[in-house]
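Listing of protein-v1.cif; format and content: mmCIF, C-alpha atoms.
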data_final
#
loop_
_atom_site.label_atom_id
_atom_site.label_comp_id
_atom_site.auth_asym_id
_atom_site.auth_seq_id
_atom_site.Cartn_x
_atom_site.Cartn_y
_atom_site.Cartn_z
CA MET A 10 -3.34 13.48 11.54
CA THR A 11 -0.79 15.89 13.02
CA PHE A 12 2.83 15.76 11.95
CA SER A 13 5.68 17.52 13.67
CA SER A 14 7.79 16.90 10.55
CA LYS A 15 7.11 18.34 7.10
CA LEU A 16 9.29 15.64 5.53
CA ILE A 17 7.16 12.86 7.02
CA GLU A 18 3.96 14.69 6.15
CA LYS A 19 5.00 14.93 2.50
CA ALA A 20 6.03 11.27 2.34
CA VAL A 21 2.73 10.20 3.94
CA GLU A 22 0.78 12.36 1.50
CA ALA A 23 2.72 10.82 -1.40
CA PHE A 24 1.79 7.28 -0.34
CA ALA A 25 -1.80 8.34 0.35
CA THR A 26 -2.25 9.37 -3.31
CA LEU A 27 -2.03 5.67 -4.25
CA PRO A 28 -5.32 3.77 -4.63
CA GLY A 29 -6.47 1.88 -1.54
CA ILE A 30 -3.88 3.51 0.72
CA GLY A 31 -5.27 5.84 3.38
CA ARG A 32 -3.28 8.14 5.62
CA LYS A 33 -2.97 5.60 8.45
CA THR A 34 -1.57 2.93 6.15
CA ALA A 35 0.64 5.55 4.50
CA LEU A 36 2.11 6.46 7.90
CA ARG A 37 2.77 2.79 8.64
CA LEU A 38 4.65 2.44 5.33
CA VAL A 39 6.69 5.59 5.99
CA LEU A 40 7.64 4.47 9.50
CA HIS A 41 8.60 1.10 8.02
CA LEU A 42 10.97 2.79 5.54
CA LEU A 43 12.47 4.82 8.39
CA LYS A 44 13.29 1.62 10.28
CA GLN A 45 15.15 0.23 7.27
CA GLU A 46 18.55 1.28 5.92
CA LYS A 47 18.67 4.45 3.84
CA SER A 48 19.77 2.36 0.86
CA ASN A 49 16.45 0.46 0.91
CA THR A 50 14.48 3.65 0.36
CA GLU A 51 16.92 4.64 -2.39
CA GLN A 52 16.45 1.29 -4.14
CA PHE A 53 12.69 1.60 -3.76
CA ALA A 54 12.61 5.11 -5.22
CA ASN A 55 15.05 4.18 -7.99
CA ALA A 56 13.01 1.12 -9.04
CA LEU A 57 9.93 3.32 -9.43
CA MET A 58 11.79 6.03 -11.34
CA ALA A 59 13.53 3.54 -13.64
CA MET A 60 10.20 1.86 -14.34
CA ARG A 61 8.39 5.13 -15.06
CA GLU A 62 11.25 6.45 -17.22
CA GLY A 63 12.04 3.28 -19.12
CA ILE A 64 8.72 1.61 -19.76
CA ARG A 65 7.08 1.87 -23.18
CA GLU A 66 4.37 0.23 -25.25
CA CYS A 67 5.29 -2.69 -27.50
CA ILE A 68 4.85 -1.34 -31.06
CA GLN A 69 3.31 -4.65 -32.16
CA CYS A 70 0.92 -5.74 -29.37
CA HIS A 71 0.71 -2.65 -27.09
CA ASN A 72 1.83 -4.67 -24.05
CA LEU A 73 4.03 -2.76 -21.58
CA SER A 74 7.60 -3.37 -22.62
CA ASP A 75 11.22 -2.56 -21.74
CA ASP A 76 12.14 -2.49 -25.45
CA GLU A 77 10.55 -1.47 -28.75
CA VAL A 78 9.02 -4.94 -29.12
CA CYS A 79 8.05 -6.84 -25.96
CA GLN A 80 9.50 -10.08 -24.62
CA ILE A 81 6.37 -12.00 -25.56
CA CYS A 82 6.35 -10.84 -29.21
CA THR A 83 10.08 -11.62 -29.59
CA ASP A 84 9.94 -15.05 -27.92
CA PRO A 85 10.84 -17.54 -30.73
CA ARG A 86 9.07 -20.41 -28.92
CA ARG A 87 5.63 -18.78 -29.15
CA ASP A 88 3.07 -19.43 -31.88
CA LYS A 89 2.93 -16.18 -33.87
CA SER A 90 -0.17 -17.21 -35.83
CA LEU A 91 -2.35 -17.31 -32.70
CA VAL A 92 -3.26 -13.93 -31.15
CA CYS A 93 -5.20 -13.46 -27.92
CA VAL A 94 -7.07 -10.12 -27.92
CA VAL A 95 -7.42 -8.59 -24.43
CA GLU A 96 -8.85 -5.40 -23.02
CA ASN A 97 -5.88 -4.43 -20.86
CA ILE A 98 -2.51 -5.41 -19.42
CA ARG A 99 -4.02 -6.95 -16.26
CA ASP A 100 -6.01 -9.42 -18.37
CA LEU A 101 -2.88 -10.23 -20.36
CA MET A 102 -1.00 -10.93 -17.11
CA ALA A 103 -3.85 -13.06 -15.74
CA ILE A 104 -3.76 -15.23 -18.88
CA GLU A 105 0.06 -15.43 -18.82
CA ASP A 106 -0.16 -16.61 -15.21
CA THR A 107 -2.25 -19.62 -16.23
CA GLY A 108 0.69 -20.87 -18.32
CA GLN A 109 -1.86 -22.28 -20.81
CA PHE A 110 -1.34 -19.87 -23.71
CA ARG A 111 1.71 -19.94 -25.97
CA GLY A 112 0.62 -17.52 -28.68
CA LEU A 113 0.95 -13.72 -28.86
CA TYR A 114 -1.35 -10.96 -27.57
CA HIS A 115 -3.00 -7.78 -28.73
CA VAL A 116 -3.95 -5.24 -26.04
CA LEU A 117 -6.93 -3.10 -27.13
CA GLY A 118 -6.57 -0.57 -24.34
CA GLY A 119 -10.30 -0.70 -23.54
CA ILE A 120 -13.54 -1.83 -25.18
CA ILE A 121 -16.07 -0.07 -27.38
CA SER A 122 -18.47 1.84 -25.13
CA PRO A 123 -20.80 4.40 -26.73
CA ILE A 124 -21.96 5.50 -23.25
CA GLU A 125 -18.43 6.42 -22.21
CA GLY A 126 -17.72 7.80 -25.66
CA ILE A 127 -15.12 5.15 -26.53
CA GLY A 128 -15.26 4.27 -30.20
CA PRO A 129 -13.15 1.88 -32.30
CA SER A 130 -10.73 4.68 -33.22
CA ASP A 131 -9.85 5.15 -29.53
CA LEU A 132 -8.67 1.55 -29.29
CA ASN A 133 -5.71 -0.35 -30.77
CA ILE A 134 -7.85 -1.88 -33.50
CA ASP A 135 -6.17 -0.50 -36.62
CA SER A 136 -2.84 -1.98 -35.54
CA LEU A 137 -4.56 -5.37 -35.08
CA ALA A 138 -6.03 -5.14 -38.59
CA ILE A 139 -2.56 -4.35 -39.95
CA ARG A 140 -1.16 -7.45 -38.21
CA ALA A 141 -3.97 -9.46 -39.84
CA GLN A 142 -3.40 -7.89 -43.26
CA LYS A 143 0.23 -9.01 -43.17
CA GLY A 144 -1.21 -12.54 -42.98
CA ASP A 145 0.48 -13.19 -39.65
CA ILE A 146 -2.70 -14.19 -37.79
CA ARG A 147 -4.45 -17.54 -38.30
CA GLU A 148 -6.73 -17.34 -35.25
CA ALA A 149 -7.70 -14.47 -32.93
CA ILE A 150 -9.04 -15.50 -29.52
CA MET A 151 -11.36 -12.87 -28.00
CA ALA A 152 -10.56 -12.92 -24.26
CA ILE A 153 -12.98 -10.07 -23.56
CA SER A 154 -15.56 -9.73 -20.76
CA PRO A 155 -19.03 -10.94 -21.87
CA THR A 156 -20.75 -7.63 -21.19
CA ILE A 157 -22.79 -5.70 -23.73
CA GLU A 158 -19.74 -3.55 -24.52
CA GLY A 159 -17.55 -6.64 -24.72
CA GLU A 160 -19.92 -8.40 -27.11
CA THR A 161 -20.11 -5.24 -29.23
CA THR A 162 -16.33 -5.12 -29.40
CA ILE A 163 -16.10 -8.81 -30.34
CA PHE A 164 -18.71 -8.31 -33.07
CA TYR A 165 -16.86 -5.27 -34.46
CA LEU A 166 -13.53 -7.09 -34.45
CA SER A 167 -14.98 -10.19 -36.12
CA LYS A 168 -16.42 -8.06 -38.94
CA LYS A 169 -13.00 -6.45 -39.39
CA LEU A 170 -10.83 -9.57 -39.12
CA GLN A 171 -12.86 -12.36 -40.73
CA PRO A 172 -12.57 -10.82 -44.26
CA LEU A 173 -8.79 -10.89 -43.74
CA GLY A 174 -8.91 -14.67 -43.30
CA VAL A 175 -8.64 -14.67 -39.51
CA GLN A 176 -10.61 -17.31 -37.61
CA ILE A 177 -12.35 -15.78 -34.57
CA SER A 178 -12.89 -17.69 -31.32
CA THR A 179 -13.96 -16.66 -27.81
CA ILE A 180 -12.79 -18.07 -24.50
CA ALA A 181 -15.08 -20.75 -23.02
CA ARG A 182 -17.79 -19.61 -20.59
CA GLY A 183 -19.26 -21.89 -17.94
CA VAL A 184 -19.38 -22.84 -14.29
CA SER A 185 -15.98 -22.44 -12.57
CA PHE A 186 -13.95 -25.48 -11.68
CA GLY A 187 -14.72 -26.16 -8.02
CA GLY A 188 -17.69 -23.80 -8.30
CA ASP A 189 -20.95 -24.80 -6.63
CA LEU A 190 -23.82 -25.00 -9.14
CA GLU A 191 -26.25 -23.35 -6.76
CA TYR A 192 -24.06 -20.25 -6.51
CA ALA A 193 -23.45 -19.86 -10.26
CA ASP A 194 -25.39 -16.99 -11.79
CA GLU A 195 -28.41 -17.94 -13.91
CA LEU A 196 -26.98 -16.72 -17.20
CA THR A 197 -23.73 -18.66 -16.80
CA LEU A 198 -25.52 -21.80 -15.63
CA GLY A 199 -28.11 -21.59 -18.41
CA ARG A 200 -25.47 -21.03 -21.09
CA SER A 201 -23.34 -23.84 -19.66
CA ILE A 202 -26.21 -26.29 -20.32
CA VAL A 203 -26.80 -25.00 -23.85
CA THR A 204 -23.07 -25.15 -24.68
CA ARG A 205 -22.45 -28.46 -22.86
CA THR A 206 -19.47 -30.55 -24.00
CA PRO A 207 -19.42 -34.33 -24.60
CA TYR A 208 -18.10 -36.29 -21.62
CA ALA A 209 -14.61 -37.50 -22.48
CA GLY A 210 -14.25 -40.05 -19.66
CA ARG A 211 -11.04 -40.18 -17.67
CA MET B 217 2.95 -13.67 -11.41
CA THR B 218 4.60 -13.48 -14.82
CA PHE B 219 6.04 -10.21 -16.08
CA SER B 220 7.11 -9.53 -19.62
CA SER B 221 8.96 -6.43 -18.34
CA LYS B 222 11.92 -6.45 -15.94
CA LEU B 223 11.24 -2.80 -15.09
CA ILE B 224 7.71 -3.57 -13.92
CA GLU B 225 8.85 -6.69 -12.10
CA LYS B 226 11.41 -4.68 -10.11
CA ALA B 227 8.90 -1.94 -9.26
CA VAL B 228 6.34 -4.54 -8.14
CA GLU B 229 8.96 -6.27 -6.00
CA ALA B 230 9.93 -2.93 -4.45
CA PHE B 231 6.32 -2.23 -3.39
CA ALA B 232 5.89 -5.82 -2.21
CA THR B 233 8.70 -5.36 0.37
CA LEU B 234 6.42 -2.95 2.26
CA PRO B 235 4.35 -4.39 5.14
CA GLY B 236 0.81 -5.46 4.22
CA ILE B 237 1.41 -5.11 0.47
CA GLY B 238 1.33 -8.34 -1.51
CA ARG B 239 2.32 -8.76 -5.14
CA LYS B 240 -1.22 -8.27 -6.46
CA THR B 241 -1.64 -4.96 -4.61
CA ALA B 242 1.90 -3.98 -5.64
CA LEU B 243 0.98 -4.53 -9.30
CA ARG B 244 -2.14 -2.41 -8.89
CA LEU B 245 -0.03 0.43 -7.44
CA VAL B 246 2.53 0.17 -10.25
CA LEU B 247 -0.17 0.21 -12.95
CA HIS B 248 -1.69 3.24 -11.20
CA LEU B 249 1.65 5.09 -11.38
CA LEU B 250 1.94 4.18 -15.07
CA LYS B 251 -1.44 5.77 -15.76
CA GLN B 252 -0.33 9.04 -14.13
CA GLU B 253 2.09 11.62 -15.50
CA LYS B 254 5.80 10.85 -15.21
CA SER B 255 6.17 13.85 -12.91
CA ASN B 256 3.85 12.23 -10.34
CA THR B 257 6.17 9.26 -9.95
CA GLU B 258 9.12 11.64 -9.72
CA GLN B 259 7.43 13.63 -6.97
CA PHE B 260 6.53 10.42 -5.16
CA ALA B 261 10.08 9.07 -5.32
CA ASN B 262 11.57 12.45 -4.38
CA ALA B 263 9.30 12.82 -1.33
CA LEU B 264 10.48 9.44 -0.05
CA MET B 265 14.16 10.19 -0.70
CA ALA B 266 13.97 13.66 0.86
CA MET B 267 12.25 12.17 3.91
CA ARG B 268 14.76 9.36 4.33
CA GLU B 269 17.75 11.68 3.76
CA GLY B 270 16.60 14.60 5.83
CA ILE B 271 14.83 13.11 8.80
CA ARG B 272 16.61 12.94 12.16
CA GLU B 273 15.89 12.40 15.83
CA CYS B 274 15.14 15.45 18.01
CA ILE B 275 18.12 15.73 20.38
CA GLN B 276 15.79 16.61 23.26
CA CYS B 277 12.75 14.30 23.00
CA HIS B 278 13.80 11.73 20.33
CA ASN B 279 10.76 12.52 18.20
CA LEU B 280 11.34 12.36 14.43
CA SER B 281 12.34 15.82 13.32
CA ASP B 282 13.34 17.91 10.30
CA ASP B 283 15.77 19.92 12.45
CA GLU B 284 18.08 19.36 15.41
CA VAL B 285 15.21 20.09 17.81
CA CYS B 286 11.67 19.16 16.76
CA GLN B 287 8.73 21.48 16.11
CA ILE B 288 7.00 20.38 19.31
CA CYS B 289 10.01 21.10 21.57
CA THR B 290 10.54 24.52 19.97
CA ASP B 291 6.86 25.57 20.06
CA PRO B 292 6.74 28.56 22.48
CA ARG B 293 3.03 27.98 23.21
CA ARG B 294 3.60 24.56 24.78
CA ASP B 295 4.05 23.90 28.50
CA LYS B 296 7.69 22.84 28.87
CA SER B 297 7.26 21.68 32.49
CA LEU B 298 4.86 18.87 31.49
CA VAL B 299 6.37 15.89 29.68
CA CYS B 300 4.42 12.95 28.26
CA VAL B 301 6.55 9.79 28.14
CA VAL B 302 5.67 7.46 25.25
CA GLU B 303 6.99 4.19 23.90
CA ASN B 304 7.23 5.24 20.25
CA ILE B 305 6.46 7.84 17.61
CA ARG B 306 3.08 6.30 16.72
CA ASP B 307 1.87 6.76 20.30
CA LEU B 308 3.14 10.36 20.24
CA MET B 309 1.18 11.00 17.03
CA ALA B 310 -1.97 9.37 18.44
CA ILE B 311 -1.82 11.70 21.47
CA GLU B 312 -1.09 14.75 19.29
CA ASP B 313 -4.14 13.87 17.18
CA THR B 314 -6.41 14.15 20.24
CA GLY B 315 -5.48 17.84 20.50
CA GLN B 316 -5.74 17.49 24.30
CA PHE B 317 -2.08 17.72 25.25
CA ARG B 318 -0.08 20.94 25.15
CA GLY B 319 3.12 19.82 26.90
CA LEU B 320 6.26 18.21 25.49
CA TYR B 321 7.10 14.55 24.87
CA HIS B 322 9.84 12.06 25.53
CA VAL B 323 10.04 9.03 23.21
CA LEU B 324 11.62 6.03 24.97
CA GLY B 325 12.09 3.99 21.80
CA GLY B 326 10.62 0.88 23.45
CA ILE B 327 9.87 -0.49 26.91
CA ILE B 328 11.91 -2.55 29.37
CA SER B 329 11.52 -6.23 28.42
CA PRO B 330 13.87 -8.77 30.04
CA ILE B 331 12.43 -11.51 27.77
CA GLU B 332 13.43 -9.59 24.63
CA GLY B 333 16.69 -8.50 26.26
CA ILE B 334 15.75 -4.81 26.32
CA GLY B 335 17.15 -3.11 29.43
CA PRO B 336 16.97 0.54 30.59
CA SER B 337 20.28 1.32 28.85
CA ASP B 338 18.74 0.39 25.47
CA LEU B 339 16.08 3.09 25.88
CA ASN B 340 16.15 6.90 25.93
CA ILE B 341 16.02 7.02 29.74
CA ASP B 342 19.32 8.76 30.57
CA SER B 343 18.35 11.71 28.38
CA LEU B 344 15.02 11.93 30.23
CA ALA B 345 16.85 11.96 33.58
CA ILE B 346 19.10 14.74 32.28
CA ARG B 347 16.02 16.80 31.30
CA ALA B 348 14.69 16.23 34.84
CA GLN B 349 18.03 17.14 36.46
CA LYS B 350 17.98 20.49 34.68
CA GLY B 351 14.78 21.11 36.63
CA ASP B 352 12.76 21.52 33.45
CA ILE B 353 10.14 18.88 34.31
CA ARG B 354 7.40 19.40 36.88
CA GLU B 355 5.25 16.42 35.91
CA ALA B 356 5.89 13.34 33.78
CA ILE B 357 2.80 11.59 32.39
CA MET B 358 3.42 7.90 31.69
CA ALA B 359 1.42 7.17 28.50
CA ILE B 360 2.65 3.60 28.36
CA SER B 361 0.67 0.39 27.69
CA PRO B 362 -0.47 -1.28 30.96
CA THR B 363 1.31 -4.59 30.24
CA ILE B 364 3.79 -6.23 32.64
CA GLU B 365 6.66 -4.68 30.65
CA GLY B 366 4.89 -1.31 30.65
CA GLU B 367 4.31 -1.38 34.41
CA THR B 368 7.97 -2.38 34.93
CA THR B 369 9.07 0.56 32.81
CA ILE B 370 6.79 2.98 34.68
CA PHE B 371 8.12 1.69 38.01
CA TYR B 372 11.73 2.08 36.88
CA LEU B 373 11.13 5.60 35.59
CA SER B 374 9.31 6.67 38.76
CA LYS B 375 12.26 5.51 40.91
CA LYS B 376 14.59 7.49 38.68
CA LEU B 377 12.54 10.70 38.33
CA GLN B 378 10.78 11.13 41.71
CA PRO B 379 14.07 11.85 43.56
CA LEU B 380 14.65 14.65 41.03
CA GLY B 381 11.41 16.31 42.11
CA VAL B 382 9.30 15.13 39.19
CA GLN B 383 5.68 14.26 39.89
CA ILE B 384 4.68 11.01 38.12
CA SER B 385 1.21 10.38 36.74
CA THR B 386 -0.26 7.75 34.43
CA ILE B 387 -2.99 8.17 31.83
CA ALA B 388 -6.48 7.19 33.03
CA ARG B 389 -7.67 3.64 32.41
CA GLY B 390 -11.33 2.74 32.15
CA VAL B 391 -14.21 1.84 29.88
CA SER B 392 -14.08 3.64 26.51
CA PHE B 393 -16.45 6.50 25.82
CA GLY B 394 -19.27 4.96 23.81
CA GLY B 395 -18.03 1.50 24.81
CA ASP B 396 -20.62 -1.08 25.86
CA LEU B 397 -20.02 -2.31 29.42
CA GLU B 398 -20.74 -5.91 28.46
CA TYR B 399 -17.93 -5.88 25.90
CA ALA B 400 -15.30 -4.28 28.15
CA ASP B 401 -12.65 -6.74 29.34
CA GLU B 402 -12.92 -7.86 32.98
CA LEU B 403 -9.70 -6.22 34.12
CA THR B 404 -10.63 -2.82 32.68
CA LEU B 405 -14.20 -3.01 34.00
CA GLY B 406 -13.08 -4.16 37.47
CA ARG B 407 -10.44 -1.43 37.72
CA SER B 408 -12.91 1.18 36.47
CA ILE B 409 -15.13 0.44 39.48
CA VAL B 410 -12.23 0.56 41.95
CA THR B 411 -10.93 3.84 40.47
CA ARG B 412 -14.40 5.38 40.02
CA THR B 413 -14.61 9.19 39.89
CA PRO B 414 -17.19 11.38 41.67
CA TYR B 415 -20.10 12.40 39.44
CA ALA B 416 -19.68 16.02 38.57
CA GLY B 417 -23.18 16.61 37.22
CA ARG B 418 -23.61 18.45 33.95
#

Since I need it in another form, could you write the structure as structure tokens?
Amino acid sequence: MTFSSKLIEKAVEAFATLPGIGRKTALRLVLHLLKQEKSNTEQFANALMAMREGIRECIQCHNLSDDEVCQICTDPRRDKSLVCVVENIRDLMAIEDTGQFRGLYHVLGGIISPIEGIGPSDLNIDSLAIRAQKGDIREAIMAISPTIEGETTIFYLSKKLQPLGVQISTIARGVSFGGDLEYADELTLGRSIVTRTPYAGR
Amino acid sequence: MTFSSKLIEKAVEAFATLPGIGRKTALRLVLHLLKQEKSNTEQFANALMAMREGIRECIQCHNLSDDEVCQICTDPRRDKSLVCVVENIRDLMAIEDTGQFRGLYHVLGGIISPIEGIGPSDLNIDSLAIRAQKGDIREAIMAISPTIEGETTIFYLSKKLQPLGVQISTIARGVSFGGDLEYADELTLGRSIVTRTPYAGR
């Protein structure tokens, strides 16, 4: 791509560093900003700077937060004895979006993976144990992917938390709502028969 | 989408104002920036601000430019008597990318469209006529889409420029290189037979 303007070239290159944005898309975004008022670009740039400058990690649950303790941890309407353990912020957001969970979270920042050299000490596990030691946690729900690494992490956490009086549960696995049986993978379908639930009627 | 951080929410909303970027993609971009160094976000924001503040329109050809006259117009190696007339900056860039054109450009900023209420006075036509009056232009190549509006614009420009001694040409239309005849549209295929060129051998 040939640019007759260094300013445009730099702006296009900046956008093109973002994941999933190639140079053609980047150019489209830059030309879009040029069509808008100058103040729009200023607001855009300022929102990014303010976010990058101001954001921090909640000292309790490691969620991204505007303050020392995040909005979820400080919400008086939430059940503080129920903690959902997630791998990362995206998973936390996905669960929040369901509107079905009214407890608190704990973001591990990854899962135990010997292959990638990620051990328990690389994750936010000690801070979870401290929360449990304080006696704040009645139940910890493991909302962690059911991979080998995920299962290892769940096992490690259960060994650490159960002696502290924390009840461990995992999110339910099974065929999706609206999912066609024939397209469900064998493992999920097989497990969904073994872990079948009694029919409750309507 | 539920955010426990106002800062992230604002940054996501800022990205989501861009064309083709929904809130899920916007979140992915924001989380990407958070994983990078602070200085990366600063550089990104600064590149956009510098671009939006500094960019202007070339006073000769209406291309986007860092200076009063653009890099193409001031390039001493380019043929100043040959001017390619384009609808917009994207078309100019597409032609530049071919590396086949070594003349100058003139960006109209649109085409004549009575339906959309765009007349000749809304476009950069007077400035093109002034360039022609100065005797600078030997040939003007109309690189304009062959729609009804495009043909109208070409006709209007030819009436305006021919009396000033400018030779008018249009870019060649025909079946794409590598294009399958059976997939070419009827109009293009029909015209490509009428405007066939003598075989030059190899």

*For stretch 22-31 of chain A, work out the shell of residues within 10 Å, counting all atoms listed in the file and skipping chain neighbours fewer than 6 positions away, then give it as a list in words.*
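The neighbour list is Leu16, Leu38 and Val39 of chain A; Thr241, Arg244, Leu245, Val246, His248, Leu249, Asn256, Thr257, Gln259, Phe260, Ala261, Asn262, Ala263 and Leu264 of chain B.
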
*Would you please work out which residue, of B:Gln276, B:Gln287, B:Thr386, B:Thr411, is nearest to chain A when using only C-alpha atoms?*
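Ranked by minimum distance to chain A, first place goes to B:Gln287.
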
Give me the result of the PyMOL selection byres ((chain B and resi 277) around 9) on this file, residue by residue, as a CSV table (one decimal) with C-alpha atoms, in the coordinates of the input.
chain,number,residue,atom,x,y,z
B,273,GLU,CA,15.9,12.4,15.8
B,274,CYS,CA,15.1,15.4,18.0
B,275,ILE,CA,18.1,15.7,20.4
B,276,GLN,CA,15.8,16.6,23.3
B,278,HIS,CA,13.8,11.7,20.3
B,279,ASN,CA,10.8,12.5,18.2
B,280,LEU,CA,11.3,12.4,14.4
B,285,VAL,CA,15.2,20.1,17.8
B,286,CYS,CA,11.7,19.2,16.8
B,289,CYS,CA,10.0,21.1,21.6
B,320,LEU,CA,6.3,18.2,25.5
B,321,TYR,CA,7.1,14.6,24.9
B,322,HIS,CA,9.8,12.1,25.5
B,323,VAL,CA,10.0,9.0,23.2
B,324,LEU,CA,11.6,6.0,25.0
B,340,ASN,CA,16.2,6.9,25.9
B,343,SER,CA,18.4,11.7,28.4
B,344,LEU,CA,15.0,11.9,30.2

*asked:* Show me, as a list in words, the residues that have an atom within 12 Å of B:Lys296 when counting all atoms listed in the file, minus same-chain residues fewer than 5 positions from it.
replied: Gln276, Cys277, Ile288, Cys289, Thr290, Asp291, Phe317, Arg318, Gly319, Leu320, Tyr321, His322, Arg347, Ala348, Gly351, Asp352, Ile353, Arg354, Glu355 and Ala356 of chain B

Residue subset to file, keeping C-alpha atoms, as a tab-separated table (two decimals), keeping the file's coordinate frame:
chain	number	residue	atom	x	y	z
B	276	GLN	CA	15.79	16.61	23.26
B	277	CYS	CA	12.75	14.30	23.00
B	288	ILE	CA	7.00	20.38	19.31
B	289	CYS	CA	10.01	21.10	21.57
B	290	THR	CA	10.54	24.52	19.97
B	291	ASP	CA	6.86	25.57	20.06
B	317	PHE	CA	-2.08	17.72	25.25
B	318	ARG	CA	-0.08	20.94	25.15
B	319	GLY	CA	3.12	19.82	26.90
B	320	LEU	CA	6.26	18.21	25.49
B	321	TYR	CA	7.10	14.55	24.87
B	322	HIS	CA	9.84	12.06	25.53
B	347	ARG	CA	16.02	16.80	31.30
B	348	ALA	CA	14.69	16.23	34.84
B	351	GLY	CA	14.78	21.11	36.63
B	352	ASP	CA	12.76	21.52	33.45
B	353	ILE	CA	10.14	18.88	34.31
B	354	ARG	CA	7.40	19.40	36.88
B	355	GLU	CA	5.25	16.42	35.91
B	356	ALA	CA	5.89	13.34	33.78

*What is the atom CA of A:Ile127 to atom CA of A:Thr107 distance in Å?*
29.8 Å

*Evaluate the PyMOL selection byres ((chain A and resi 181) around 10) on the structure here and hand back the selected residues as a PyMOL selection string.*
chain A and resi 152+178-180+182-184+201+204

*Result set, the PyMOL selection byres ((chain A and resi 165) around 12) on current file, as a list in words*: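 With the PyMOL selection byres ((chain A and resi 165) around 12) on this model, the match is Ile120, Ile121, Ser122, Gly128, Pro129, Ser130, Leu132, Ile134, Asp135, Ala138, Met151, Glu158, Gly159, Glu160, Thr161, Thr162, Ile163, Phe164, Leu166, Ser167, Lys168, Lys169, Leu170, Gln171 and Ile177 of chain A.
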
*Quick one: pull the distance between atom CA of B:Arg306 and atom CA of B:Arg268, Å, one decimal.*
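Taking atom CA of B:Arg306 as the start and atom CA of B:Arg268 as the end point, the length is 17.3 Å.
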
*Quote the spacing between atom CA of B:Glu225 and atom CA of A:Ser74 in Å to one decimal place.*
11.1 Å

*Residue nearest chain B - candidates A:Val92, A:Ala35, A:Ile202, A:Ile153, atoms counted: all atoms listed in the file*: A:Ala35
